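Undergrad: Take a look at this one; I'll ask things after.
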Amino acid sequence: MLITVLGAFVLSHLVPALPSVRARLIGRFGRRSYFTLYGIVSLFLLLALIHAAATAPYVELWPATELGLAVPRLVMPLAVVLAVAGLLAPNPLSMSLNRGTFDPLRPGIVAVVRHPVLWALLIWSLAHLAANGDVGHIVLFGTFAAMSALSMMSLDRRRRAKLGRPEWNRLAVRAPELPLLPALGAGWRPAFSLRILLHVLLGLAIYGMLALTHVWFAGVPAYS
């Protein structure tokens, strides 16, 4: 069951990424209907995938430890904030729900990392790998980690080809590939705004809701 649902989830993300397939689907259903349906299907498959991993036969490769369990508790608030801010902020270089104007000199969350949503997925995957040493969860979170890393490279290539090198360079001037990479340089200062603060607060609120309902969709409490 885990392999079947995992295969369906991967295909649901790989097939629409093909430009010709995606264009035909959007032409058939309309842009809004396509993304709404795609989001519903993705959420359903994600929940089914989490349930399949939780109920798969338990084959342990390494035991759960307090240190391993502490990793997702420490980093998941950051991952959720990154995902929320990334989805709500305009970002022509990566995944975003906001199609508003993007200012490359005031990029907001994009100044932290170019692909905040995909980095959130990578952090989530690696953090849960640390806490789960059984084969089912290794397959689950290892696949997500690989998909998120490969998606960053794929998105960079597609966006660069679509925008052209000069426009890509203009938009990506303050959008680092690695988190907080500009902070390693001299003279870097973080920029704060009310919008960023609201995104952080919303992300923390969503994290709290996910922590409370974790036992429902994952089978184990987030804190125990």
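Ordered as shown in the structure tokens, chains take letters A, B, and onward, while each chain numbers its residues from 1 and ligands are numbered from 1 in the order shown.
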Need to verify the contact set: A:Ile50, 12 Å, only C-alpha atoms, exclusion of same-chain residues closer than 5 positions in sequence. Can you return it as a ChimeraX atom specification?
TA: /A:1-3,5-6,9,43-45,55-56,125,128,136-141,144,214-220
Undergrad: Keeping C-alpha atoms, export the residues of the selection given above as a compact mmCIF listing (two decimals), in the first residue's frame.
TA:
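What follows is the written file again.txt:
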# COMPACT_ATOMS: atom_id res chain seq x y z
CA MET A 1 0.00 0.00 0.00
CA LEU A 2 2.81 2.42 0.88
CA ILE A 3 4.58 1.87 -2.45
CA VAL A 5 0.29 5.48 -2.73
CA LEU A 6 3.87 6.78 -2.97
CA PHE A 9 1.89 10.84 -5.25
CA LEU A 43 -3.62 16.95 -0.03
CA PHE A 44 -5.62 13.70 -0.22
CA LEU A 45 -2.59 11.75 -1.49
CA THR A 55 0.42 1.54 9.23
CA ALA A 56 3.16 -0.19 7.18
CA SER A 125 11.66 15.42 5.52
CA HIS A 128 11.34 13.31 10.45
CA GLY A 136 8.38 2.66 5.91
CA HIS A 137 9.17 6.16 7.14
CA ILE A 138 12.63 6.12 5.57
CA VAL A 139 11.00 5.43 2.20
CA LEU A 140 8.42 8.16 2.82
CA PHE A 141 10.66 10.95 4.07
CA PHE A 144 10.19 13.72 -0.07
CA HIS A 214 -0.59 15.46 14.63
CA VAL A 215 -1.89 12.42 16.47
CA TRP A 216 -4.96 12.39 14.20
CA PHE A 217 -3.24 12.40 10.79
CA ALA A 218 0.12 10.80 11.73
CA GLY A 219 -0.95 8.35 14.44
CA VAL A 220 1.47 9.68 17.07
Undergrad: Please identify all polymer residues within 8 Å of stretch 197-209 of chain A, counting only C-alpha atoms, omitting same-chain residues fewer than 2 positions from it, and present them as a list in words.
TA: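 Near neighbours after the sequence-gap exclusion: Met76, Pro77, Val80, Val81, Leu82, Ala83, Val84, Ala85, Leu88, Phe192, Ser193, Leu194, Arg195, Ala211, Leu212 and Thr213 of chain A.
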Undergrad: When DSSP is applied to the backbone of this structure, which of stretch 1-164 of chain A are assigned helix (DSSP H, G or I)? Write them out as a PyMOL selection string.
TA: chain A and resi 2-14+19-29+31-55+66-88+108-111+116-131+135-163
Undergrad: Please list as a PDB file with all heavy atoms, in the first residue's frame every residue within 10 Å of stretch 154-160 of chain A, counting only C-alpha atoms and excluding residues in the same chain fewer than 5 positions away.
TA:
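around-v4.pdb was written with the following content:
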ATOM      1  N   ALA A  17       4.107  18.549 -14.158  1.00  0.00           N
ATOM      2  CA  ALA A  17       5.279  19.398 -14.352  1.00  0.00           C
ATOM      3  C   ALA A  17       5.708  19.442 -15.815  1.00  0.00           C
ATOM      4  O   ALA A  17       6.462  20.339 -16.214  1.00  0.00           O
ATOM      5  CB  ALA A  17       6.427  18.903 -13.488  1.00  0.00           C
ATOM      6  N   PRO A  19       5.440  20.573 -19.366  1.00  0.00           N
ATOM      7  CA  PRO A  19       4.758  21.764 -19.896  1.00  0.00           C
ATOM      8  C   PRO A  19       3.556  21.449 -20.771  1.00  0.00           C
ATOM      9  O   PRO A  19       2.505  22.097 -20.659  1.00  0.00           O
ATOM     10  CB  PRO A  19       5.867  22.472 -20.691  1.00  0.00           C
ATOM     11  CG  PRO A  19       7.141  22.002 -20.061  1.00  0.00           C
ATOM     12  CD  PRO A  19       6.885  20.585 -19.625  1.00  0.00           C
ATOM     13  N   PRO A  92       8.560  35.055  -8.371  1.00  0.00           N
ATOM     14  CA  PRO A  92       8.554  34.529  -9.749  1.00  0.00           C
ATOM     15  C   PRO A  92       9.615  33.460  -9.977  1.00  0.00           C
ATOM     16  O   PRO A  92       9.646  32.854 -11.050  1.00  0.00           O
ATOM     17  CB  PRO A  92       8.849  35.773 -10.590  1.00  0.00           C
ATOM     18  CG  PRO A  92       9.655  36.649  -9.685  1.00  0.00           C
ATOM     19  CD  PRO A  92       9.091  36.427  -8.306  1.00  0.00           C
ATOM     20  N   LEU A  93      10.471  33.216  -8.982  1.00  0.00           N
ATOM     21  CA  LEU A  93      11.560  32.254  -9.129  1.00  0.00           C
ATOM     22  C   LEU A  93      11.198  30.873  -8.609  1.00  0.00           C
ATOM     23  O   LEU A  93      11.926  29.914  -8.856  1.00  0.00           O
ATOM     24  CB  LEU A  93      12.803  32.758  -8.388  1.00  0.00           C
ATOM     25  CG  LEU A  93      13.303  34.149  -8.788  1.00  0.00           C
ATOM     26  CD1 LEU A  93      14.409  34.603  -7.845  1.00  0.00           C
ATOM     27  CD2 LEU A  93      13.788  34.153 -10.228  1.00  0.00           C
ATOM     28  N   SER A  94      10.071  30.763  -7.878  1.00  0.00           N
ATOM     29  CA  SER A  94       9.759  29.486  -7.243  1.00  0.00           C
ATOM     30  C   SER A  94       8.256  29.352  -7.027  1.00  0.00           C
ATOM     31  O   SER A  94       7.468  30.088  -7.607  1.00  0.00           O
ATOM     32  CB  SER A  94      10.517  29.385  -5.905  1.00  0.00           C
ATOM     33  OG  SER A  94      10.408  28.089  -5.356  1.00  0.00           O
ATOM     34  N   MET A  95       7.873  28.418  -6.139  1.00  0.00           N
ATOM     35  CA  MET A  95       6.470  28.163  -5.846  1.00  0.00           C
ATOM     36  C   MET A  95       5.887  29.293  -5.002  1.00  0.00           C
ATOM     37  O   MET A  95       6.489  29.701  -4.012  1.00  0.00           O
ATOM     38  CB  MET A  95       6.339  26.834  -5.092  1.00  0.00           C
ATOM     39  CG  MET A  95       6.827  25.634  -5.855  1.00  0.00           C
ATOM     40  SD  MET A  95       6.894  24.144  -4.822  1.00  0.00           S
ATOM     41  CE  MET A  95       5.164  23.995  -4.362  1.00  0.00           C
ATOM     42  N   ARG A 114      15.884  31.206  -1.974  1.00  0.00           N
ATOM     43  CA  ARG A 114      15.155  31.347  -3.236  1.00  0.00           C
ATOM     44  C   ARG A 114      13.904  30.482  -3.280  1.00  0.00           C
ATOM     45  O   ARG A 114      12.896  30.874  -3.867  1.00  0.00           O
ATOM     46  CB  ARG A 114      16.081  30.975  -4.390  1.00  0.00           C
ATOM     47  CG  ARG A 114      15.486  31.227  -5.771  1.00  0.00           C
ATOM     48  CD  ARG A 114      16.451  30.734  -6.835  1.00  0.00           C
ATOM     49  NE  ARG A 114      17.748  31.356  -6.672  1.00  0.00           N
ATOM     50  CZ  ARG A 114      18.897  30.837  -7.142  1.00  0.00           C
ATOM     51  NH1 ARG A 114      18.879  29.683  -7.771  1.00  0.00           N
ATOM     52  NH2 ARG A 114      20.030  31.474  -6.961  1.00  0.00           N
ATOM     53  N   HIS A 115      13.971  29.292  -2.675  1.00  0.00           N
ATOM     54  CA  HIS A 115      12.855  28.351  -2.724  1.00  0.00           C
ATOM     55  C   HIS A 115      12.365  28.032  -1.301  1.00  0.00           C
ATOM     56  O   HIS A 115      12.606  26.934  -0.785  1.00  0.00           O
ATOM     57  CB  HIS A 115      13.278  27.055  -3.417  1.00  0.00           C
ATOM     58  CG  HIS A 115      13.783  27.233  -4.813  1.00  0.00           C
ATOM     59  ND1 HIS A 115      12.959  27.601  -5.847  1.00  0.00           N
ATOM     60  CD2 HIS A 115      15.027  27.102  -5.339  1.00  0.00           C
ATOM     61  CE1 HIS A 115      13.679  27.680  -6.970  1.00  0.00           C
ATOM     62  NE2 HIS A 115      14.930  27.376  -6.684  1.00  0.00           N
ATOM     63  N   SER A 148      12.194  17.245  -3.076  1.00  0.00           N
ATOM     64  CA  SER A 148      12.359  18.674  -2.814  1.00  0.00           C
ATOM     65  C   SER A 148      13.691  19.180  -3.362  1.00  0.00           C
ATOM     66  O   SER A 148      13.753  20.256  -3.965  1.00  0.00           O
ATOM     67  CB  SER A 148      12.247  18.959  -1.319  1.00  0.00           C
ATOM     68  OG  SER A 148      13.194  18.207  -0.578  1.00  0.00           O
ATOM     69  N   ALA A 149      14.777  18.405  -3.182  1.00  0.00           N
ATOM     70  CA  ALA A 149      16.087  18.823  -3.688  1.00  0.00           C
ATOM     71  C   ALA A 149      16.100  18.861  -5.214  1.00  0.00           C
ATOM     72  O   ALA A 149      16.597  19.824  -5.822  1.00  0.00           O
ATOM     73  CB  ALA A 149      17.169  17.879  -3.172  1.00  0.00           C
ATOM     74  N   ARG A 165      18.316  34.759 -19.344  1.00  0.00           N
ATOM     75  CA  ARG A 165      19.415  34.986 -18.407  1.00  0.00           C
ATOM     76  C   ARG A 165      19.442  36.390 -17.803  1.00  0.00           C
ATOM     77  O   ARG A 165      19.576  36.531 -16.591  1.00  0.00           O
ATOM     78  CB  ARG A 165      20.733  34.681 -19.099  1.00  0.00           C
ATOM     79  CG  ARG A 165      21.969  34.943 -18.268  1.00  0.00           C
ATOM     80  CD  ARG A 165      22.140  33.959 -17.147  1.00  0.00           C
ATOM     81  NE  ARG A 165      22.401  32.616 -17.664  1.00  0.00           N
ATOM     82  CZ  ARG A 165      22.743  31.587 -16.868  1.00  0.00           C
ATOM     83  NH1 ARG A 165      22.855  31.755 -15.563  1.00  0.00           N
ATOM     84  NH2 ARG A 165      22.958  30.393 -17.386  1.00  0.00           N
ATOM     85  N   PRO A 166      19.290  37.481 -18.581  1.00  0.00           N
ATOM     86  CA  PRO A 166      19.343  38.825 -17.980  1.00  0.00           C
ATOM     87  C   PRO A 166      18.247  39.058 -16.937  1.00  0.00           C
ATOM     88  O   PRO A 166      18.511  39.586 -15.851  1.00  0.00           O
ATOM     89  CB  PRO A 166      19.193  39.761 -19.180  1.00  0.00           C
ATOM     90  CG  PRO A 166      19.646  38.959 -20.351  1.00  0.00           C
ATOM     91  CD  PRO A 166      19.209  37.557 -20.045  1.00  0.00           C
ATOM     92  N   GLU A 167      17.003  38.669 -17.268  1.00  0.00           N
ATOM     93  CA  GLU A 167      15.896  38.875 -16.328  1.00  0.00           C
ATOM     94  C   GLU A 167      16.053  37.979 -15.110  1.00  0.00           C
ATOM     95  O   GLU A 167      15.751  38.385 -13.973  1.00  0.00           O
ATOM     96  CB  GLU A 167      14.565  38.608 -17.027  1.00  0.00           C
ATOM     97  CG  GLU A 167      13.323  38.802 -16.158  1.00  0.00           C
ATOM     98  CD  GLU A 167      13.106  40.246 -15.735  1.00  0.00           C
ATOM     99  OE1 GLU A 167      13.886  41.130 -16.163  1.00  0.00           O
ATOM    100  OE2 GLU A 167      12.146  40.483 -14.975  1.00  0.00           O
ATOM    101  N   TRP A 168      16.495  36.739 -15.315  1.00  0.00           N
ATOM    102  CA  TRP A 168      16.748  35.836 -14.190  1.00  0.00           C
ATOM    103  C   TRP A 168      17.771  36.454 -13.242  1.00  0.00           C
ATOM    104  O   TRP A 168      17.570  36.472 -12.023  1.00  0.00           O
ATOM    105  CB  TRP A 168      17.228  34.484 -14.702  1.00  0.00           C
ATOM    106  CG  TRP A 168      17.852  33.625 -13.636  1.00  0.00           C
ATOM    107  CD1 TRP A 168      19.173  33.576 -13.291  1.00  0.00           C
ATOM    108  CD2 TRP A 168      17.177  32.721 -12.745  1.00  0.00           C
ATOM    109  NE1 TRP A 168      19.371  32.700 -12.260  1.00  0.00           N
ATOM    110  CE2 TRP A 168      18.173  32.163 -11.910  1.00  0.00           C
ATOM    111  CE3 TRP A 168      15.852  32.338 -12.598  1.00  0.00           C
ATOM    112  CZ2 TRP A 168      17.865  31.236 -10.925  1.00  0.00           C
ATOM    113  CZ3 TRP A 168      15.547  31.405 -11.613  1.00  0.00           C
ATOM    114  CH2 TRP A 168      16.538  30.866 -10.791  1.00  0.00           C
ATOM    115  N   ASN A 169      18.864  36.963 -13.776  1.00  0.00           N
ATOM    116  CA  ASN A 169      19.907  37.562 -12.942  1.00  0.00           C
ATOM    117  C   ASN A 169      19.379  38.776 -12.185  1.00  0.00           C
ATOM    118  O   ASN A 169      19.729  39.007 -11.025  1.00  0.00           O
ATOM    119  CB  ASN A 169      21.114  37.958 -13.793  1.00  0.00           C
ATOM    120  CG  ASN A 169      21.873  36.750 -14.323  1.00  0.00           C
ATOM    121  OD1 ASN A 169      21.771  35.651 -13.767  1.00  0.00           O
ATOM    122  ND2 ASN A 169      22.626  36.947 -15.393  1.00  0.00           N
ATOM    123  N   ALA A 172      16.999  37.414  -9.369  1.00  0.00           N
ATOM    124  CA  ALA A 172      17.643  36.527  -8.385  1.00  0.00           C
ATOM    125  C   ALA A 172      18.816  37.171  -7.675  1.00  0.00           C
ATOM    126  O   ALA A 172      19.518  36.490  -6.926  1.00  0.00           O
ATOM    127  CB  ALA A 172      18.101  35.239  -9.085  1.00  0.00           C
ATOM    128  N   GLU A 177      20.485  30.675  -3.184  1.00  0.00           N
ATOM    129  CA  GLU A 177      20.112  29.276  -3.372  1.00  0.00           C
ATOM    130  C   GLU A 177      20.119  28.524  -2.054  1.00  0.00           C
ATOM    131  O   GLU A 177      19.297  27.635  -1.820  1.00  0.00           O
ATOM    132  CB  GLU A 177      21.057  28.614  -4.359  1.00  0.00           C
ATOM    133  CG  GLU A 177      20.674  27.206  -4.749  1.00  0.00           C
ATOM    134  CD  GLU A 177      21.571  26.655  -5.831  1.00  0.00           C
ATOM    135  OE1 GLU A 177      22.480  27.379  -6.282  1.00  0.00           O
ATOM    136  OE2 GLU A 177      21.359  25.499  -6.234  1.00  0.00           O
TER     137      GLU A 177
END
Undergrad: How many Å lie between atom CA of A:Val71 and atom CA of A:Val112, rounded to one decimal?
TA: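 Separation between atom CA of A:Val71 and atom CA of A:Val112: 21.3 Å.
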Undergrad: Using only C-alpha atoms, determine which residues lie at most 12 Å from A:Pro179, disregarding the query and same-chain residues fewer than 6 positions distant; provide the list as a list of chain:residue names.
TA: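 What passes the distance filter is A:Leu78, A:Ala79, A:Leu82, A:Ile109, A:Val110, A:Ala111, A:Val112, A:Val113, A:Arg114, A:His115, A:Pro116, A:Val117, A:Leu118, A:Trp119, A:Ala120, A:Leu122, A:Ile123.
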Undergrad: Grab the residues selected above and save them as a short mmCIF file (atom, residue, chain, number, x, y, z; two decimals), in the first residue's frame with all heavy atoms.
TA:
data_model
loop_
_atom_site.label_atom_id
_atom_site.label_comp_id
_atom_site.auth_asym_id
_atom_site.auth_seq_id
_atom_site.Cartn_x
_atom_site.Cartn_y
_atom_site.Cartn_z
N LEU A 78 10.13 26.40 12.26
CA LEU A 78 10.83 27.11 11.18
C LEU A 78 10.34 26.64 9.81
O LEU A 78 10.10 27.46 8.91
CB LEU A 78 12.34 26.87 11.30
CG LEU A 78 13.19 27.34 10.11
CD1 LEU A 78 13.10 28.84 9.95
CD2 LEU A 78 14.65 26.90 10.29
N ALA A 79 10.17 25.33 9.64
CA ALA A 79 9.73 24.80 8.36
C ALA A 79 8.34 25.31 7.99
O ALA A 79 8.09 25.69 6.84
CB ALA A 79 9.74 23.27 8.40
N LEU A 82 8.51 29.00 7.03
CA LEU A 82 9.08 29.12 5.69
C LEU A 82 8.04 28.80 4.63
O LEU A 82 7.92 29.50 3.61
CB LEU A 82 10.27 28.17 5.54
CG LEU A 82 11.67 28.71 5.79
CD1 LEU A 82 12.70 27.60 5.58
CD2 LEU A 82 11.98 29.90 4.91
N ILE A 109 10.82 37.27 2.10
CA ILE A 109 11.28 35.95 2.49
C ILE A 109 12.25 35.36 1.47
O ILE A 109 13.09 34.52 1.79
CB ILE A 109 10.08 34.99 2.70
CG1 ILE A 109 10.53 33.66 3.33
CG2 ILE A 109 9.38 34.72 1.38
CD1 ILE A 109 11.10 33.79 4.72
N VAL A 110 12.17 35.82 0.22
CA VAL A 110 13.06 35.30 -0.83
C VAL A 110 14.50 35.71 -0.57
O VAL A 110 15.43 35.08 -1.09
CB VAL A 110 12.57 35.78 -2.22
CG1 VAL A 110 13.40 35.18 -3.34
CG2 VAL A 110 11.11 35.40 -2.41
N ALA A 111 14.71 36.74 0.25
CA ALA A 111 16.07 37.11 0.63
C ALA A 111 16.69 36.09 1.58
O ALA A 111 17.91 36.02 1.73
CB ALA A 111 16.08 38.50 1.28
N VAL A 112 15.85 35.28 2.23
CA VAL A 112 16.35 34.22 3.11
C VAL A 112 16.79 33.03 2.27
O VAL A 112 17.89 32.48 2.45
CB VAL A 112 15.27 33.79 4.12
CG1 VAL A 112 15.75 32.61 4.96
CG2 VAL A 112 14.90 34.97 5.01
N VAL A 113 15.95 32.63 1.32
CA VAL A 113 16.29 31.54 0.41
C VAL A 113 15.38 31.61 -0.81
O VAL A 113 14.22 32.04 -0.71
CB VAL A 113 16.18 30.17 1.11
CG1 VAL A 113 14.73 29.80 1.39
CG2 VAL A 113 16.87 29.07 0.34
N ARG A 114 15.88 31.21 -1.97
CA ARG A 114 15.16 31.35 -3.24
C ARG A 114 13.90 30.48 -3.28
O ARG A 114 12.90 30.87 -3.87
CB ARG A 114 16.08 30.98 -4.39
CG ARG A 114 15.49 31.23 -5.77
CD ARG A 114 16.45 30.73 -6.83
NE ARG A 114 17.75 31.36 -6.67
CZ ARG A 114 18.90 30.84 -7.14
NH1 ARG A 114 18.88 29.68 -7.77
NH2 ARG A 114 20.03 31.47 -6.96
N HIS A 115 13.97 29.29 -2.68
CA HIS A 115 12.85 28.35 -2.72
C HIS A 115 12.36 28.03 -1.30
O HIS A 115 12.61 26.93 -0.79
CB HIS A 115 13.28 27.06 -3.42
CG HIS A 115 13.78 27.23 -4.81
ND1 HIS A 115 12.96 27.60 -5.85
CD2 HIS A 115 15.03 27.10 -5.34
CE1 HIS A 115 13.68 27.68 -6.97
NE2 HIS A 115 14.93 27.38 -6.68
N PRO A 116 11.69 28.97 -0.64
CA PRO A 116 11.31 28.74 0.77
C PRO A 116 10.38 27.55 0.97
O PRO A 116 10.52 26.80 1.93
CB PRO A 116 10.65 30.05 1.18
CG PRO A 116 10.29 30.74 -0.10
CD PRO A 116 11.30 30.31 -1.09
N VAL A 117 9.42 27.32 0.05
CA VAL A 117 8.48 26.21 0.22
C VAL A 117 9.20 24.88 0.08
O VAL A 117 8.99 23.95 0.87
CB VAL A 117 7.33 26.32 -0.81
CG1 VAL A 117 6.40 25.12 -0.68
CG2 VAL A 117 6.55 27.62 -0.61
N LEU A 118 10.07 24.76 -0.90
CA LEU A 118 10.80 23.51 -1.10
C LEU A 118 11.81 23.26 0.01
O LEU A 118 12.05 22.12 0.40
CB LEU A 118 11.48 23.52 -2.47
CG LEU A 118 10.53 23.47 -3.66
CD1 LEU A 118 11.28 23.67 -4.97
CD2 LEU A 118 9.77 22.15 -3.68
N TRP A 119 12.41 24.33 0.53
CA TRP A 119 13.30 24.15 1.68
C TRP A 119 12.52 23.73 2.91
O TRP A 119 13.00 22.95 3.74
CB TRP A 119 14.09 25.43 1.95
CG TRP A 119 15.41 25.43 1.23
CD1 TRP A 119 15.71 26.02 0.04
CD2 TRP A 119 16.60 24.76 1.66
NE1 TRP A 119 17.01 25.77 -0.31
CE2 TRP A 119 17.59 25.00 0.67
CE3 TRP A 119 16.94 24.01 2.77
CZ2 TRP A 119 18.88 24.50 0.76
CZ3 TRP A 119 18.23 23.51 2.87
CH2 TRP A 119 19.18 23.75 1.87
N ALA A 120 11.29 24.23 3.06
CA ALA A 120 10.44 23.79 4.17
C ALA A 120 10.17 22.30 4.06
O ALA A 120 10.22 21.56 5.06
CB ALA A 120 9.13 24.58 4.17
N LEU A 122 12.07 20.10 2.53
CA LEU A 122 13.32 19.38 2.78
C LEU A 122 13.61 19.31 4.28
O LEU A 122 14.01 18.26 4.79
CB LEU A 122 14.47 20.09 2.05
CG LEU A 122 15.85 19.44 2.18
CD1 LEU A 122 15.84 18.02 1.63
CD2 LEU A 122 16.90 20.29 1.47
N ILE A 123 13.40 20.41 4.99
CA ILE A 123 13.60 20.42 6.44
C ILE A 123 12.65 19.45 7.12
O ILE A 123 13.05 18.68 8.01
CB ILE A 123 13.43 21.85 6.99
CG1 ILE A 123 14.57 22.75 6.49
CG2 ILE A 123 13.40 21.84 8.52
CD1 ILE A 123 14.34 24.23 6.79
#
Undergrad: For stretch 36-42 of chain A, work out the shell of residues within 12 Å, counting only C-alpha atoms and skipping chain neighbours fewer than 5 positions away, then give it as a VMD selection string.
TA: chain A and resid 5 to 6 8 to 17 22 25 to 26 29 to 31 47 to 49 97
Undergrad: Mind writing the picked residues with N, CA, C and O atoms as a PDB file, in the first residue's frame?
TA:
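For reference, again34.pdb as written:
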ATOM      1  N   VAL A   5       0.675   4.083  -2.977  1.00  0.00           N
ATOM      2  CA  VAL A   5       0.294   5.479  -2.732  1.00  0.00           C
ATOM      3  C   VAL A   5       1.462   6.405  -3.036  1.00  0.00           C
ATOM      4  O   VAL A   5       1.283   7.504  -3.589  1.00  0.00           O
ATOM      5  N   LEU A   6       2.675   5.973  -2.688  1.00  0.00           N
ATOM      6  CA  LEU A   6       3.866   6.784  -2.968  1.00  0.00           C
ATOM      7  C   LEU A   6       4.038   6.981  -4.475  1.00  0.00           C
ATOM      8  O   LEU A   6       4.335   8.089  -4.933  1.00  0.00           O
ATOM      9  N   ALA A   8       1.659   6.917  -6.726  1.00  0.00           N
ATOM     10  CA  ALA A   8       0.604   7.825  -7.184  1.00  0.00           C
ATOM     11  C   ALA A   8       0.953   9.273  -6.839  1.00  0.00           C
ATOM     12  O   ALA A   8       0.719  10.194  -7.641  1.00  0.00           O
ATOM     13  N   PHE A   9       1.522   9.493  -5.666  1.00  0.00           N
ATOM     14  CA  PHE A   9       1.886  10.844  -5.247  1.00  0.00           C
ATOM     15  C   PHE A   9       2.990  11.411  -6.138  1.00  0.00           C
ATOM     16  O   PHE A   9       2.913  12.565  -6.582  1.00  0.00           O
ATOM     17  N   VAL A  10       4.021  10.606  -6.394  1.00  0.00           N
ATOM     18  CA  VAL A  10       5.129  11.071  -7.234  1.00  0.00           C
ATOM     19  C   VAL A  10       4.637  11.380  -8.646  1.00  0.00           C
ATOM     20  O   VAL A  10       4.968  12.419  -9.230  1.00  0.00           O
ATOM     21  N   LEU A  11       3.810  10.489  -9.215  1.00  0.00           N
ATOM     22  CA  LEU A  11       3.281  10.722 -10.563  1.00  0.00           C
ATOM     23  C   LEU A  11       2.404  11.967 -10.620  1.00  0.00           C
ATOM     24  O   LEU A  11       2.435  12.712 -11.607  1.00  0.00           O
ATOM     25  N   SER A  12       1.635  12.209  -9.546  1.00  0.00           N
ATOM     26  CA  SER A  12       0.758  13.381  -9.535  1.00  0.00           C
ATOM     27  C   SER A  12       1.549  14.679  -9.555  1.00  0.00           C
ATOM     28  O   SER A  12       1.011  15.735  -9.905  1.00  0.00           O
ATOM     29  N   HIS A  13       2.821  14.623  -9.158  1.00  0.00           N
ATOM     30  CA  HIS A  13       3.660  15.817  -9.179  1.00  0.00           C
ATOM     31  C   HIS A  13       4.572  15.872 -10.407  1.00  0.00           C
ATOM     32  O   HIS A  13       4.951  16.973 -10.835  1.00  0.00           O
ATOM     33  N   LEU A  14       4.938  14.722 -10.944  1.00  0.00           N
ATOM     34  CA  LEU A  14       5.834  14.705 -12.100  1.00  0.00           C
ATOM     35  C   LEU A  14       5.094  14.976 -13.403  1.00  0.00           C
ATOM     36  O   LEU A  14       5.568  15.749 -14.244  1.00  0.00           O
ATOM     37  N   VAL A  15       3.924  14.344 -13.577  1.00  0.00           N
ATOM     38  CA  VAL A  15       3.200  14.482 -14.840  1.00  0.00           C
ATOM     39  C   VAL A  15       2.760  15.925 -15.101  1.00  0.00           C
ATOM     40  O   VAL A  15       2.995  16.470 -16.190  1.00  0.00           O
ATOM     41  N   PRO A  16       2.122  16.637 -14.127  1.00  0.00           N
ATOM     42  CA  PRO A  16       1.725  18.024 -14.401  1.00  0.00           C
ATOM     43  C   PRO A  16       2.901  18.963 -14.598  1.00  0.00           C
ATOM     44  O   PRO A  16       2.730  20.066 -15.118  1.00  0.00           O
ATOM     45  N   ALA A  17       4.107  18.549 -14.158  1.00  0.00           N
ATOM     46  CA  ALA A  17       5.279  19.398 -14.352  1.00  0.00           C
ATOM     47  C   ALA A  17       5.708  19.442 -15.815  1.00  0.00           C
ATOM     48  O   ALA A  17       6.462  20.339 -16.214  1.00  0.00           O
ATOM     49  N   ARG A  22       0.629  20.027 -18.578  1.00  0.00           N
ATOM     50  CA  ARG A  22       0.066  21.078 -17.729  1.00  0.00           C
ATOM     51  C   ARG A  22      -0.756  22.069 -18.553  1.00  0.00           C
ATOM     52  O   ARG A  22      -1.845  22.482 -18.143  1.00  0.00           O
ATOM     53  N   LEU A  25      -4.120  20.541 -19.416  1.00  0.00           N
ATOM     54  CA  LEU A  25      -5.020  20.463 -18.267  1.00  0.00           C
ATOM     55  C   LEU A  25      -5.590  21.831 -17.914  1.00  0.00           C
ATOM     56  O   LEU A  25      -6.787  21.966 -17.615  1.00  0.00           O
ATOM     57  N   ILE A  26      -4.733  22.866 -17.949  1.00  0.00           N
ATOM     58  CA  ILE A  26      -5.209  24.220 -17.660  1.00  0.00           C
ATOM     59  C   ILE A  26      -6.189  24.675 -18.736  1.00  0.00           C
ATOM     60  O   ILE A  26      -7.214  25.320 -18.448  1.00  0.00           O
ATOM     61  N   PHE A  29      -9.577  22.711 -17.958  1.00  0.00           N
ATOM     62  CA  PHE A  29     -10.325  23.006 -16.734  1.00  0.00           C
ATOM     63  C   PHE A  29     -10.307  24.486 -16.341  1.00  0.00           C
ATOM     64  O   PHE A  29     -11.107  24.903 -15.504  1.00  0.00           O
ATOM     65  N   GLY A  30      -9.389  25.270 -16.907  1.00  0.00           N
ATOM     66  CA  GLY A  30      -9.210  26.638 -16.450  1.00  0.00           C
ATOM     67  C   GLY A  30      -8.155  26.690 -15.363  1.00  0.00           C
ATOM     68  O   GLY A  30      -7.995  25.728 -14.601  1.00  0.00           O
ATOM     69  N   ARG A  31      -7.444  27.797 -15.265  1.00  0.00           N
ATOM     70  CA  ARG A  31      -6.318  27.884 -14.338  1.00  0.00           C
ATOM     71  C   ARG A  31      -6.743  27.697 -12.885  1.00  0.00           C
ATOM     72  O   ARG A  31      -6.157  26.911 -12.148  1.00  0.00           O
ATOM     73  N   LEU A  47      -2.119  12.892   2.779  1.00  0.00           N
ATOM     74  CA  LEU A  47      -2.686  12.283   3.982  1.00  0.00           C
ATOM     75  C   LEU A  47      -2.704  10.758   3.860  1.00  0.00           C
ATOM     76  O   LEU A  47      -2.408  10.042   4.829  1.00  0.00           O
ATOM     77  N   ALA A  48      -3.049  10.251   2.665  1.00  0.00           N
ATOM     78  CA  ALA A  48      -3.041   8.809   2.448  1.00  0.00           C
ATOM     79  C   ALA A  48      -1.637   8.247   2.579  1.00  0.00           C
ATOM     80  O   ALA A  48      -1.429   7.149   3.121  1.00  0.00           O
ATOM     81  N   LEU A  49      -0.651   9.008   2.123  1.00  0.00           N
ATOM     82  CA  LEU A  49       0.739   8.570   2.195  1.00  0.00           C
ATOM     83  C   LEU A  49       1.229   8.514   3.644  1.00  0.00           C
ATOM     84  O   LEU A  49       1.891   7.553   4.059  1.00  0.00           O
ATOM     85  N   LEU A  97       1.708  31.274  -4.135  1.00  0.00           N
ATOM     86  CA  LEU A  97       0.303  31.507  -4.450  1.00  0.00           C
ATOM     87  C   LEU A  97       0.036  32.974  -4.778  1.00  0.00           C
ATOM     88  O   LEU A  97      -1.061  33.321  -5.209  1.00  0.00           O
TER      89      LEU A  97
END
Undergrad: Between atom CA of A:Ala89 and atom CA of A:Pro104, what is the spacing in Å?
TA: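 Atom CA of A:Pro104 sits 12.3 Å away from atom CA of A:Ala89.
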